[in-house]
$ cat work-v2.txt   # compact mmCIF, C-alpha atoms and all ligand atoms
# COMPACT_ATOMS: atom_id res chain seq x y z
CA MET A 1145 0.00 0.00 0.00
CA PRO A 1146 1.45 3.42 -0.91
CA LEU A 1147 2.76 5.62 1.81
CA GLY A 1148 0.12 7.50 3.75
CA LYS A 1149 -2.78 5.63 2.11
CA ARG A 1150 -4.76 3.00 3.92
CA LYS A 1151 -7.99 1.14 3.63
CA HIS A 1152 -10.80 2.22 5.85
CA SER A 1153 -13.30 -0.10 7.47
CA THR A 1154 -15.75 0.41 4.64
CA GLY A 1155 -13.20 -1.08 2.28
CA GLU A 1156 -12.59 1.85 -0.08
CA ILE A 1157 -9.19 3.45 -0.36
CA CYS A 1158 -9.36 6.87 1.23
CA GLN A 1159 -7.28 9.95 0.78
CA PRO A 1160 -3.92 9.98 2.51
CA VAL A 1161 -4.46 10.45 6.21
CA ILE A 1162 -4.07 14.14 6.92
CA SER A 1163 -2.02 15.29 9.79
CA VAL A 1164 -4.05 17.67 11.88
CA PRO A 1165 -2.49 21.13 11.83
CA GLU A 1166 -1.76 22.81 15.11
CA VAL A 1167 -3.55 26.03 14.23
CA GLU A 1168 -2.49 29.18 15.99
CA GLY A 1169 -4.52 32.27 16.70
CA HIS A 1170 -8.06 30.90 16.91
CA ALA A 1171 -10.06 30.76 20.08
CA MET A 1172 -12.16 27.83 18.85
CA ALA A 1173 -11.30 24.46 17.42
CA THR A 1174 -10.59 24.94 13.73
CA ALA A 1175 -12.63 23.57 10.87
CA GLU A 1176 -9.70 21.19 10.19
CA HIS A 1177 -9.96 19.81 13.70
CA ILE A 1178 -13.69 19.32 13.39
CA LYS A 1179 -13.39 17.66 9.99
CA SER A 1180 -10.74 15.30 11.37
CA LEU A 1181 -12.87 14.50 14.39
CA ILE A 1182 -15.80 13.61 12.14
CA ARG A 1183 -13.57 11.47 9.91
CA SER A 1184 -12.10 9.53 12.79
CA HIS A 1185 -15.58 9.05 14.25
CA CYS A 1186 -16.86 7.66 10.93
CA ASP A 1187 -13.81 5.37 10.71
CA ASN A 1188 -14.53 4.18 14.23
CA ASP A 1189 -10.94 5.17 15.06
CA ARG A 1190 -11.02 5.92 18.76
CA GLU A 1191 -7.29 6.50 19.23
CA ARG A 1192 -7.18 9.05 16.43
CA PHE A 1193 -10.32 10.75 17.74
CA PHE A 1194 -8.68 11.13 21.16
CA ALA A 1195 -5.41 12.35 19.65
CA ILE A 1196 -7.24 15.12 17.79
CA ALA A 1197 -9.31 16.02 20.86
CA LEU A 1198 -6.05 16.39 22.82
CA GLN A 1199 -4.70 18.69 20.10
CA VAL A 1200 -7.80 20.83 20.53
CA ALA A 1201 -7.14 20.87 24.31
CA ALA A 1202 -3.53 21.97 23.71
CA HIS A 1203 -4.79 24.65 21.35
CA GLU A 1204 -7.27 25.92 23.95
CA ALA A 1205 -4.53 25.98 26.60
CA LYS A 1206 -2.33 28.11 24.33
CA GLN A 1207 -5.20 30.57 24.00
CA GLY A 1208 -5.30 30.87 27.78
CA HIS A 1209 -8.51 28.82 28.10
CA ALA A 1210 -7.16 26.59 30.85
CA ALA A 1211 -10.57 25.44 32.12
CA ALA A 1212 -11.74 24.36 28.64
CA ALA A 1213 -8.42 22.54 28.04
CA HIS A 1214 -8.75 20.80 31.37
CA ASP A 1215 -12.34 19.72 30.65
CA ILE A 1216 -11.42 18.27 27.25
CA ARG A 1217 -8.46 16.31 28.71
CA ASP A 1218 -10.71 15.08 31.48
CA LEU A 1219 -13.32 13.86 28.99
CA VAL A 1220 -10.66 12.07 26.94
CA ASP A 1221 -9.22 10.39 30.06
CA LYS A 1222 -12.67 9.19 31.11
CA ALA A 1223 -13.57 7.96 27.62
CA ARG A 1224 -10.19 6.16 27.30
CA ALA A 1225 -10.82 4.35 30.57
CA THR A 1226 -14.18 3.05 29.32
CA PRO A 1227 -13.96 -0.24 27.45
CA ARG A 1228 -15.51 -0.46 24.02
CA LYS A 1229 -18.90 -2.10 23.99
CA VAL A 1230 -18.99 -5.78 23.17
CA ILE A 1231 -21.26 -6.26 20.18
CA PRO A 1232 -23.20 -9.52 20.37
CA PHE A 1233 -23.00 -11.82 17.36
CA ASN A 1234 -25.90 -13.44 15.64
CA ARG A 1235 -26.72 -17.04 16.53
CA GLU A 1236 -24.61 -18.44 13.75
CA PHE A 1237 -21.44 -17.11 15.38
CA SER A 1238 -22.38 -16.79 19.03
CA ASP A 1239 -21.09 -20.27 19.92
CA LEU A 1240 -18.01 -19.92 17.72
CA ILE A 1241 -16.83 -16.54 18.98
CA LEU A 1242 -16.83 -15.80 22.69
CA ALA A 1243 -16.98 -12.13 23.61
CA ALA A 1244 -15.57 -10.68 26.82
CA THR A 1245 -14.32 -7.41 28.31
CA PRO A 1246 -11.24 -8.37 30.29
CA SER A 1247 -9.85 -6.04 32.90
CA PHE A 1248 -6.36 -7.60 33.07
CA ARG A 1249 -3.42 -5.19 33.05
CA ILE A 1250 0.15 -5.92 32.05
CA ALA A 1251 1.24 -5.85 35.72
CA ASP A 1252 -1.04 -8.85 36.39
CA ILE A 1253 0.91 -11.22 34.20
CA VAL A 1254 4.20 -12.78 35.30
CA LEU A 1255 6.65 -12.87 32.42
CA ALA A 1256 10.34 -12.67 31.60
CA ASP A 1257 11.36 -9.04 30.95
CA GLU A 1258 12.06 -9.64 27.29
CA LYS A 1259 8.53 -10.93 26.69
CA ARG A 1260 6.95 -8.16 28.72
CA GLN A 1261 8.82 -5.60 26.61
CA ARG A 1262 7.53 -7.15 23.42
CA ILE A 1263 3.94 -7.11 24.66
CA ASP A 1264 4.46 -3.55 25.80
CA ARG A 1265 5.67 -2.69 22.30
CA VAL A 1266 2.44 -4.05 20.77
CA ILE A 1267 0.46 -1.86 23.18
CA ARG A 1268 2.63 1.22 22.55
CA GLU A 1269 2.48 0.86 18.77
CA TYR A 1270 -1.32 0.45 18.90
CA ARG A 1271 -1.64 3.62 20.99
CA LYS A 1272 0.69 5.55 18.67
CA GLN A 1273 -0.62 4.10 15.41
CA ASP A 1274 -1.53 7.57 14.19
CA LYS A 1275 2.08 8.72 14.52
CA LEU A 1276 3.35 5.61 12.70
CA ARG A 1277 0.75 6.03 9.98
CA LYS A 1278 2.03 9.51 9.17
CA HIS A 1279 5.30 7.82 8.17
CA GLY A 1280 3.54 5.16 6.10
CA LEU A 1281 4.06 2.51 8.78
CA SER A 1282 1.53 0.39 10.60
CA ASN A 1283 1.51 -0.91 14.16
CA ARG A 1284 2.33 -4.56 14.78
CA ARG A 1285 -1.02 -6.26 15.16
CA LYS A 1286 -0.75 -9.90 14.08
CA ILE A 1287 0.80 -11.90 16.89
CA LEU A 1288 1.46 -15.61 17.24
CA LEU A 1289 1.73 -17.05 20.78
CA ALA A 1290 3.17 -20.54 21.14
CA GLY A 1291 3.86 -22.63 24.21
CA PRO A 1292 2.64 -25.30 26.61
CA PRO A 1293 -0.76 -25.13 28.33
CA GLY A 1294 -1.24 -22.75 31.25
CA THR A 1295 1.72 -20.47 30.53
CA GLY A 1296 -0.22 -17.28 29.79
CA LYS A 1297 -1.16 -17.25 26.10
CA THR A 1298 -4.86 -16.57 26.60
CA MET A 1299 -3.98 -14.26 29.47
CA THR A 1300 -1.71 -12.26 27.14
CA ALA A 1301 -4.63 -11.71 24.75
CA SER A 1302 -6.72 -10.58 27.76
CA VAL A 1303 -3.94 -8.20 28.84
CA LEU A 1304 -3.83 -6.66 25.35
CA ALA A 1305 -7.61 -6.19 25.40
CA GLY A 1306 -7.58 -4.89 28.99
CA GLU A 1307 -4.79 -2.38 28.36
CA LEU A 1308 -6.27 -1.13 25.08
CA LYS A 1309 -9.86 -1.12 26.37
CA LEU A 1310 -10.91 -3.35 23.49
CA PRO A 1311 -13.31 -6.29 23.64
CA LEU A 1312 -11.71 -9.72 23.45
CA TYR A 1313 -13.28 -12.03 20.87
CA THR A 1314 -12.09 -15.63 21.12
CA ILE A 1315 -12.62 -17.71 18.00
CA LEU A 1316 -12.88 -21.39 18.93
CA MET A 1317 -10.94 -22.92 16.08
CA ASP A 1318 -11.50 -26.57 16.98
CA LYS A 1319 -15.25 -25.96 17.04
CA LEU A 1320 -15.12 -24.05 13.77
CA VAL A 1321 -13.37 -26.95 12.07
CA THR A 1322 -15.55 -29.73 13.46
CA LYS A 1323 -18.87 -27.93 13.22
CA PHE A 1324 -18.41 -26.52 9.75
CA MET A 1325 -16.36 -29.21 8.06
CA GLY A 1326 -16.78 -28.54 4.36
CA GLU A 1327 -17.54 -24.87 4.81
CA THR A 1328 -14.76 -23.82 7.20
CA SER A 1329 -13.13 -21.56 4.61
CA ALA A 1330 -16.40 -19.70 4.02
CA LYS A 1331 -16.84 -19.25 7.77
CA LEU A 1332 -13.28 -17.97 8.11
CA ARG A 1333 -13.98 -15.34 5.45
CA GLN A 1334 -17.03 -14.21 7.40
CA ILE A 1335 -14.95 -14.02 10.57
CA PHE A 1336 -12.42 -11.77 8.83
CA ASP A 1337 -15.35 -9.59 7.68
CA ILE A 1338 -16.34 -9.29 11.34
CA ILE A 1339 -12.74 -8.39 12.27
CA ARG A 1340 -12.84 -5.62 9.69
CA ALA A 1341 -16.19 -4.29 10.92
CA GLN A 1342 -15.70 -4.48 14.70
CA ARG A 1343 -12.53 -3.35 16.35
CA GLY A 1344 -11.28 -5.70 19.04
CA VAL A 1345 -8.62 -8.22 20.00
CA TYR A 1346 -9.39 -11.41 18.06
CA LEU A 1347 -7.88 -14.55 19.58
CA PHE A 1348 -7.73 -17.59 17.29
CA ASP A 1349 -7.43 -20.18 20.05
CA GLU A 1350 -6.25 -23.77 19.45
CA PHE A 1351 -4.84 -22.44 16.25
CA ASP A 1352 -3.14 -25.75 15.39
CA ALA A 1353 -6.64 -27.04 14.53
CA ILE A 1354 -6.04 -25.38 11.15
CA GLY A 1355 -2.42 -24.30 11.28
CA ALA A 1356 -0.83 -27.74 10.93
CA GLU A 1357 1.62 -28.24 8.10
CA ARG A 1358 -0.05 -28.53 4.75
CA GLY A 1359 2.03 -31.55 3.76
CA ARG A 1360 1.31 -33.75 6.80
CA GLY A 1361 0.10 -37.28 6.19
CA ASN A 1362 -3.21 -36.93 8.03
CA ASP A 1363 -3.97 -33.84 6.03
CA VAL A 1364 -7.20 -33.92 4.10
CA GLY A 1365 -7.78 -31.64 1.14
CA GLU A 1366 -10.30 -29.61 3.11
CA MET A 1367 -7.75 -28.68 5.80
CA ARG A 1368 -5.22 -27.66 3.20
CA ARG A 1369 -7.78 -25.35 1.64
CA VAL A 1370 -8.70 -23.93 5.05
CA LEU A 1371 -5.10 -23.17 5.87
CA ASN A 1372 -4.54 -21.59 2.45
CA THR A 1373 -7.62 -19.45 3.00
CA PHE A 1374 -6.37 -18.39 6.42
CA LEU A 1375 -2.95 -17.48 5.00
CA GLN A 1376 -4.62 -15.37 2.35
CA LEU A 1377 -7.03 -13.70 4.75
CA ILE A 1378 -4.45 -12.82 7.37
CA GLU A 1379 -2.13 -11.47 4.69
CA GLN A 1380 -4.84 -9.27 3.20
CA ASP A 1381 -6.19 -8.14 6.53
CA ASP A 1382 -5.58 -4.45 7.16
CA SER A 1383 -8.27 -3.94 9.77
CA ASP A 1384 -7.68 -1.91 12.91
CA GLY A 1385 -7.94 -4.64 15.55
CA LEU A 1386 -5.33 -7.02 16.86
CA ILE A 1387 -5.19 -10.63 15.66
CA VAL A 1388 -3.65 -13.09 18.10
CA ALA A 1389 -3.24 -16.79 17.31
CA ALA A 1390 -2.40 -19.21 20.11
CA THR A 1391 -1.04 -22.72 19.82
CA ASN A 1392 0.38 -25.41 22.11
CA ASN A 1393 2.27 -26.88 19.26
CA ALA A 1394 4.36 -24.49 17.20
CA ALA A 1395 6.42 -27.37 15.83
CA ILE A 1396 3.56 -28.60 13.64
CA LEU A 1397 2.61 -25.18 12.30
CA ASP A 1398 3.11 -24.60 8.62
CA GLN A 1399 6.28 -22.59 7.92
CA ALA A 1400 4.29 -20.30 5.62
CA LEU A 1401 2.38 -19.02 8.64
CA PHE A 1402 5.32 -17.52 10.45
CA ARG A 1403 6.02 -14.68 8.04
CA ARG A 1404 2.34 -13.62 8.16
CA PHE A 1405 2.75 -12.58 11.79
CA ASP A 1406 4.38 -9.34 12.93
CA ASP A 1407 5.62 -10.95 16.12
CA ILE A 1408 6.00 -14.49 17.45
CA LEU A 1409 6.24 -15.05 21.20
CA TYR A 1410 7.30 -18.37 22.69
CA TYR A 1411 6.03 -19.21 26.17
CA GLY A 1412 7.54 -21.74 28.54
CA LEU A 1413 7.29 -23.02 32.10
CA PRO A 1414 8.13 -20.35 34.70
CA SER A 1415 11.73 -19.62 35.68
CA PRO A 1416 12.59 -19.67 39.44
CA ASP A 1417 12.15 -15.86 39.56
CA GLU A 1418 8.77 -16.14 37.88
CA VAL A 1419 7.71 -18.84 40.37
CA GLN A 1420 8.50 -16.44 43.25
CA SER A 1421 6.58 -13.55 41.70
CA LEU A 1422 3.66 -15.75 40.74
CA ILE A 1423 3.29 -17.11 44.28
CA ALA A 1424 3.76 -13.69 45.91
CA ASN A 1425 1.12 -12.11 43.58
CA ARG A 1426 -1.34 -14.91 44.00
CA LEU A 1427 -1.07 -15.28 47.79
CA GLY A 1428 -1.05 -11.54 48.55
CA ASN A 1429 -1.71 -11.09 52.28
CA PHE A 1430 -1.94 -14.86 52.72
CA LYS A 1431 1.79 -15.24 52.01
CA PRO A 1432 3.50 -17.52 54.59
CA LYS A 1433 5.72 -15.74 57.10
CA GLN A 1434 8.76 -17.80 56.18
CA ILE A 1435 9.47 -19.93 53.18
CA SER A 1436 12.70 -20.50 51.34
CA SER A 1437 12.70 -19.65 47.66
CA ARG A 1438 14.80 -22.74 46.96
CA GLU A 1439 12.11 -24.97 48.47
CA LEU A 1440 9.41 -23.25 46.43
CA THR A 1441 11.34 -23.65 43.21
CA LYS A 1442 11.83 -27.34 43.98
CA ALA A 1443 8.17 -27.89 44.87
CA SER A 1444 7.01 -26.13 41.67
CA LYS A 1445 9.30 -27.98 39.30
CA GLY A 1446 7.55 -28.87 36.05
CA LEU A 1447 4.37 -26.95 36.92
CA SER A 1448 2.93 -24.29 34.64
CA HIS A 1449 1.93 -20.79 35.77
CA ALA A 1450 -1.70 -21.91 35.83
CA GLU A 1451 -0.98 -24.96 38.00
CA ILE A 1452 1.06 -22.92 40.49
CA GLY A 1453 -1.80 -20.40 40.63
CA GLN A 1454 -4.26 -23.19 41.35
CA ALA A 1455 -2.03 -24.62 44.12
CA CYS A 1456 -1.89 -21.13 45.71
CA ASP A 1457 -5.70 -20.90 45.59
CA ASP A 1458 -5.96 -24.36 47.16
CA ALA A 1459 -3.62 -23.30 49.98
CA ILE A 1460 -5.61 -20.08 50.56
CA LYS A 1461 -8.88 -22.04 50.74
CA SER A 1462 -7.36 -24.40 53.25
CA ALA A 1463 -6.13 -21.43 55.38
CA ILE A 1464 -9.58 -19.81 55.28
CA LEU A 1465 -11.29 -23.02 56.36
CA ALA A 1466 -8.80 -23.31 59.22
CA ASP A 1467 -9.58 -19.70 60.26
CA SER A 1468 -5.99 -18.76 59.61
CA LYS A 1469 -4.85 -15.40 58.20
CA SER A 1470 -1.95 -16.85 56.24
CA VAL A 1471 -0.96 -19.95 54.37
CA THR A 1472 1.65 -22.19 56.00
CA ALA A 1473 4.78 -23.15 54.11
CA THR A 1474 3.91 -26.83 54.54
CA SER A 1475 0.40 -26.42 53.20
CA LEU A 1476 1.67 -24.55 50.13
CA LYS A 1477 4.34 -27.17 49.42
CA ASN A 1478 1.75 -29.94 49.82
CA MET A 1479 -0.63 -28.26 47.40
CA LEU A 1480 2.16 -27.83 44.85
CA GLN A 1481 3.14 -31.45 45.33
CA GLU A 1482 -0.50 -32.48 44.88
CA ARG A 1483 -0.64 -30.63 41.55
CA ARG A 1484 2.56 -32.31 40.41
CA SER A 1485 1.12 -35.70 41.31
CA ALA A 1486 -2.22 -34.91 39.70
CA TYR A 1487 -0.51 -34.15 36.43
CA GLY A 1488 1.65 -37.23 36.60
CA GLN A 1489 4.79 -35.18 37.01
CA THR A 1490 6.36 -37.19 39.81
CA ASN A 1491 7.83 -40.57 39.06
CA SER A 1492 6.33 -42.09 42.20
CA THR A 1493 2.83 -41.21 40.99
CA LEU A 1494 3.51 -42.59 37.56
CA ARG A 1495 4.75 -45.82 39.11
CA ALA A 1496 1.81 -46.15 41.53
N1 LIG A 1501 2.30 -15.83 32.94
C1 LIG A 1501 1.30 -15.85 33.84
N2 LIG A 1501 1.24 -14.93 34.83
C2 LIG A 1501 0.25 -14.97 35.74
N3 LIG A 1501 -0.74 -15.88 35.74
C3 LIG A 1501 -0.74 -16.80 34.76
C4 LIG A 1501 0.26 -16.83 33.76
N4 LIG A 1501 0.00 -17.83 32.92
C5 LIG A 1501 -1.12 -18.41 33.36
N5 LIG A 1501 -1.57 -17.81 34.45
C6 LIG A 1501 -2.80 -18.18 35.22
O1 LIG A 1501 -3.31 -19.36 34.63
C7 LIG A 1501 -4.58 -19.13 34.00
C8 LIG A 1501 -4.65 -19.88 32.69
O2 LIG A 1501 -3.64 -19.38 31.81
P1 LIG A 1501 -3.88 -19.19 30.25
O3 LIG A 1501 -5.32 -19.45 29.96
O4 LIG A 1501 -3.33 -17.89 29.81
O5 LIG A 1501 -3.00 -20.36 29.67
P2 LIG A 1501 -2.75 -20.74 28.15
O6 LIG A 1501 -1.27 -20.57 27.90
O7 LIG A 1501 -3.67 -20.00 27.27
O8 LIG A 1501 -3.08 -22.30 28.18
P3 LIG A 1501 -3.79 -23.24 27.06
O9 LIG A 1501 -2.70 -23.58 26.09
O10 LIG A 1501 -4.24 -24.43 27.83
O11 LIG A 1501 -4.91 -22.47 26.44
C9 LIG A 1501 -4.65 -17.62 33.86
O12 LIG A 1501 -5.99 -17.16 33.86
C10 LIG A 1501 -3.88 -17.14 35.07
O13 LIG A 1501 -4.69 -17.20 36.23
MG MG A 1502 -5.35 -20.58 26.14

$ encode --input "work-v2.txt" --output "structure tokens"
Amino acid sequence: MPLGKRKHSTGEICQPVISVPEVEGHAMATAEHIKSLIRSHCDNDRERFFAIALQVAAHEAKQGHAAAAHDIRDLVDKARATPRKVIPFNREFSDLILAATPSFRIADIVLADEKRQRIDRVIREYRKQDKLRKHGLSNRRKILLAGPPGTGKTMTASVLAGELKLPLYTILMDKLVTKFMGETSAKLRQIFDIIRAQRGVYLFDEFDAIGAERGRGNDVGEMRRVLNTFLQLIEQDDSDGLIVAATNNAAILDQALFRRFDDILYYGLPSPDEVQSLIANRLGNFKPKQISSRELTKASKGLSHAEIGQACDDAIKSAILADSKSVTATSLKNMLQERRSAYGQTNSTLRA
């Protein structure tokens, strides 16, 4: 796409995006500001709308209208803090796409610094997409998350939605494939039409249901067509939302998929530092008075973030039922051990 030009949600190519002039010497918002506000409203472009409103506030402040500038900034802050409305789907899609308005923030998720920075970059680029657009660039918005169960892939999509005040739409890929065998490609096209029409974070969960290598032996012609359709659709997509695909099994994904994503994040079991943070966050005031970090690391070996979280909840429940204000180190270690046994992660359990 040529520099400065982009497709709008209606599909037609619009004029190059104008940069809003900072007009001097007028007491009121200029006609240019108002025209830009109307355009961004029609394009359903909230971030751009807010950016222009803040320019009007700055303009008012320069004119000495401090109260008006303050009111406008206040309105923008309040509007930014309000999540977009979730639009319900018709019956055909309501059991294929789950809608939610998550309130997770980036501080809620425990991650290695490098991964946190990359998620932060997605958020920053989304917020500053207007600035990037002026240079003919677009924000990174197609993200692939790969890693074992319970390590924070779905939670990452929720954090993106929570931080950007966007609805989270989860597309249940396994259901899509089994329910619409024979017409999966057509359904996928309709889903990409929805993505174009309604801004949000779209999570293609269990992505391997369609993303498996095209050449694999168990591959039927239908699945090859579905994957080809997906590759085409994601490549063509220039909507304003974020597209996140999550898989437990990156190794079987078709190589052609990788270059369609702007960013690929690999998740893994928590490091010892992550185990400490996870337990401290989850237990809060219930944290045991004394517990060695070495013991915790040992007791959590092989457990995912989700399993450690569940063990913490189990220990809190047990403390509450015992009328205690904090979890004991022994109870926490036992709960972690129980999780390891439950998931067959200790040799003794496997042997039993
Ligand atoms: N990195 C993390 N930081 C904090 N909590 C986490 C993290 N990962 C997982 N959890 C906890 O575990 C729950 C389940 O995690 P999540 O659904 O993100 O896993 P997932 O990687 O999507 O797993 P699956 O592959 O099974 O879909 C979260 O709601 C959260 O409570
Ligand atoms: Mg998940």

$ closest_atom_pairs --input "work-v2.txt" --of "chain A" --to "ligand MG 1502 (chain A)" --cutoff "8 Å" --atoms "only C-alpha atoms and all ligand atoms" --output "JSON lines"
{"residue": "A:Pro1293", "atom": "CA", "partner": "A:MG1502", "partner_atom": "MG", "distance": 6.8}
{"residue": "A:Gly1294", "atom": "CA", "partner": "A:MG1502", "partner_atom": "MG", "distance": 6.9}
{"residue": "A:Gly1296", "atom": "CA", "partner": "A:MG1502", "partner_atom": "MG", "distance": 7.1}
{"residue": "A:Lys1297", "atom": "CA", "partner": "A:MG1502", "partner_atom": "MG", "distance": 5.4}
{"residue": "A:Thr1298", "atom": "CA", "partner": "A:MG1502", "partner_atom": "MG", "distance": 4.1}
{"residue": "A:Met1299", "atom": "CA", "partner": "A:MG1502", "partner_atom": "MG", "distance": 7.3}
{"residue": "A:Asp1349", "atom": "CA", "partner": "A:MG1502", "partner_atom": "MG", "distance": 6.4}
{"residue": "A:Glu1350", "atom": "CA", "partner": "A:MG1502", "partner_atom": "MG", "distance": 7.5}
{"residue": "A:Ala1390", "atom": "CA", "partner": "A:MG1502", "partner_atom": "MG", "distance": 6.9}
{"residue": "A:Thr1391", "atom": "CA", "partner": "A:MG1502", "partner_atom": "MG", "distance": 7.9}

$ atom_distance --input "work-v2.txt" --atom1 "atom CA of A:Ile1387" --atom2 "atom CA of A:Arg1403"
14.1 Å

$ residues_around --input "work-v2.txt" --residues "A:Arg1224" --least-positions-apart "4" --cutoff "9 Å" --atoms "all atoms listed in the file" --output "ChimeraX atom specification"
/A:1190-1191,1194,1219-1220,1308-1309

$ closest_residue --input "work-v2.txt" --among "A:Ala1424, A:Met1367, A:Ile1396, A:Ala1341" --to "A:Glu1327" --atoms "all atoms listed in the file"
A:Met1367

$ closest_residue --input "work-v2.txt" --among "A:Glu1176, A:Asp1239, A:Asp1189, A:Asp1252" --to "ligand LIG 1501 (chain A)" --atoms "all atoms listed in the file"
A:Asp1252

$ residues_around --input "work-v2.txt" --residues "A:Ser1470" --least-positions-apart "6" --cutoff "9 Å" --atoms "all atoms listed in the file" --output "PyMOL selection string"
chain A and resi 1427+1429-1433+1460+1463-1464

$ closest_atom_pairs --input "work-v2.txt" --of "chain A" --to "ligand LIG 1501 (chain A)" --cutoff "9 Å" --atoms "only C-alpha atoms and all ligand atoms" --output "Markdown table"
| residue | atom | partner | partner_atom | distance |
| --- | --- | --- | --- | --- |
| A:Asp1252 | CA | A:LIG1501 | C2 | 6.3 |
| A:Ile1253 | CA | A:LIG1501 | N2 | 3.8 |
| A:Val1254 | CA | A:LIG1501 | N2 | 3.7 |
| A:Leu1255 | CA | A:LIG1501 | N1 | 5.3 |
| A:Ala1256 | CA | A:LIG1501 | N1 | 8.7 |
| A:Leu1289 | CA | A:LIG1501 | O6 | 8.5 |
| A:Ala1290 | CA | A:LIG1501 | O6 | 8.1 |
| A:Gly1291 | CA | A:LIG1501 | O6 | 6.6 |
| A:Pro1292 | CA | A:LIG1501 | O9 | 5.6 |
| A:Pro1293 | CA | A:LIG1501 | O9 | 3.3 |
| A:Gly1294 | CA | A:LIG1501 | O5 | 3.4 |
| A:Thr1295 | CA | A:LIG1501 | N4 | 4.0 |
| A:Gly1296 | CA | A:LIG1501 | O4 | 3.2 |
| A:Lys1297 | CA | A:LIG1501 | O6 | 3.8 |
| A:Thr1298 | CA | A:LIG1501 | O7 | 3.7 |
| A:Met1299 | CA | A:LIG1501 | O4 | 3.7 |
| A:Thr1300 | CA | A:LIG1501 | O4 | 6.4 |
| A:Ala1301 | CA | A:LIG1501 | O4 | 8.1 |
| A:Ser1302 | CA | A:LIG1501 | O4 | 8.3 |
| A:Asp1349 | CA | A:LIG1501 | O11 | 7.2 |
| A:Glu1350 | CA | A:LIG1501 | O11 | 7.2 |
| A:Ala1390 | CA | A:LIG1501 | O7 | 7.3 |
| A:Thr1391 | CA | A:LIG1501 | O9 | 6.5 |
| A:Asn1392 | CA | A:LIG1501 | O9 | 5.4 |
| A:Tyr1411 | CA | A:LIG1501 | O6 | 7.6 |
| A:Gly1412 | CA | A:LIG1501 | O6 | 8.9 |
| A:Leu1413 | CA | A:LIG1501 | N1 | 8.8 |
| A:Pro1414 | CA | A:LIG1501 | N1 | 7.6 |
| A:Glu1418 | CA | A:LIG1501 | N1 | 8.1 |
| A:Ser1421 | CA | A:LIG1501 | C2 | 8.8 |
| A:Leu1422 | CA | A:LIG1501 | C2 | 6.1 |
| A:Asn1425 | CA | A:LIG1501 | C2 | 8.4 |
| A:Arg1426 | CA | A:LIG1501 | N3 | 8.3 |
| A:Ser1448 | CA | A:LIG1501 | C5 | 7.3 |
| A:His1449 | CA | A:LIG1501 | N4 | 4.5 |
| A:Ala1450 | CA | A:LIG1501 | O1 | 3.2 |
| A:Glu1451 | CA | A:LIG1501 | O1 | 6.9 |
| A:Ile1452 | CA | A:LIG1501 | C6 | 8.1 |
| A:Gly1453 | CA | A:LIG1501 | C6 | 5.9 |
| A:Gln1454 | CA | A:LIG1501 | O1 | 7.8 |

$ atom_distance --input "work-v2.txt" --atom1 "atom CA of A:Lys1286" --atom2 "atom CA of A:Arg1343"
13.7 Å

$ residues_around --input "work-v2.txt" --residues "stretch 1268-1276 of chain A" --least-positions-apart "3" --cutoff "12 Å" --atoms "only C-alpha atoms" --output "PyMOL selection string"
chain A and resi 1147-1148+1150+1161-1164+1184+1189-1196+1224+1261-1265+1279-1286+1304-1305+1307-1310+1344-1345+1384-1386+1406

$ residues_around --input "work-v2.txt" --residues "stretch 1434-1438 of chain A" --least-positions-apart "4" --cutoff "9 Å" --atoms "only C-alpha atoms" --output "mmCIF file with C-alpha atoms, in the coordinates of the input"
data_model
loop_
_atom_site.group_PDB
_atom_site.id
_atom_site.type_symbol
_atom_site.label_atom_id
_atom_site.label_comp_id
_atom_site.auth_asym_id
_atom_site.auth_seq_id
_atom_site.Cartn_x
_atom_site.Cartn_y
_atom_site.Cartn_z
ATOM 1 C CA PRO A 1416 12.590 -19.670 39.440
ATOM 2 C CA ASP A 1417 12.150 -15.860 39.560
ATOM 3 C CA VAL A 1419 7.710 -18.840 40.370
ATOM 4 C CA GLN A 1420 8.500 -16.440 43.250
ATOM 5 C CA LYS A 1442 11.830 -27.340 43.980
ATOM 6 C CA ALA A 1443 8.170 -27.890 44.870
ATOM 7 C CA THR A 1472 1.650 -22.190 56.000
ATOM 8 C CA ALA A 1473 4.780 -23.150 54.110
ATOM 9 C CA THR A 1474 3.910 -26.830 54.540
#

$ atom_distance --input "work-v2.txt" --atom1 "atom CA of A:Leu1198" --atom2 "atom CA of A:Asp1218"
9.9 Å

$ axis_aligned_box --input "work-v2.txt" --around "stretch 1184-1203 of chain A" --padding-each-side "5 Å" --output "JSON"
{"center_x": -10.2, "center_y": 14.4, "center_z": 17.5, "size_x": 23.3, "size_y": 30.5, "size_z": 23.6}

$ closest_residue --input "work-v2.txt" --among "A:Asp1407, A:Asp1318, A:Asp1337, A:Glu1366" --to "A:Gln1380" --atoms "only C-alpha atoms"
A:Asp1337

$ residues_around --input "work-v2.txt" --residues "A:Ala1389" --least-positions-apart "4" --cutoff "6 Å" --atoms "all atoms listed in the file" --output "number ranges by chain"
A: 1288, 1347-1348, 1351
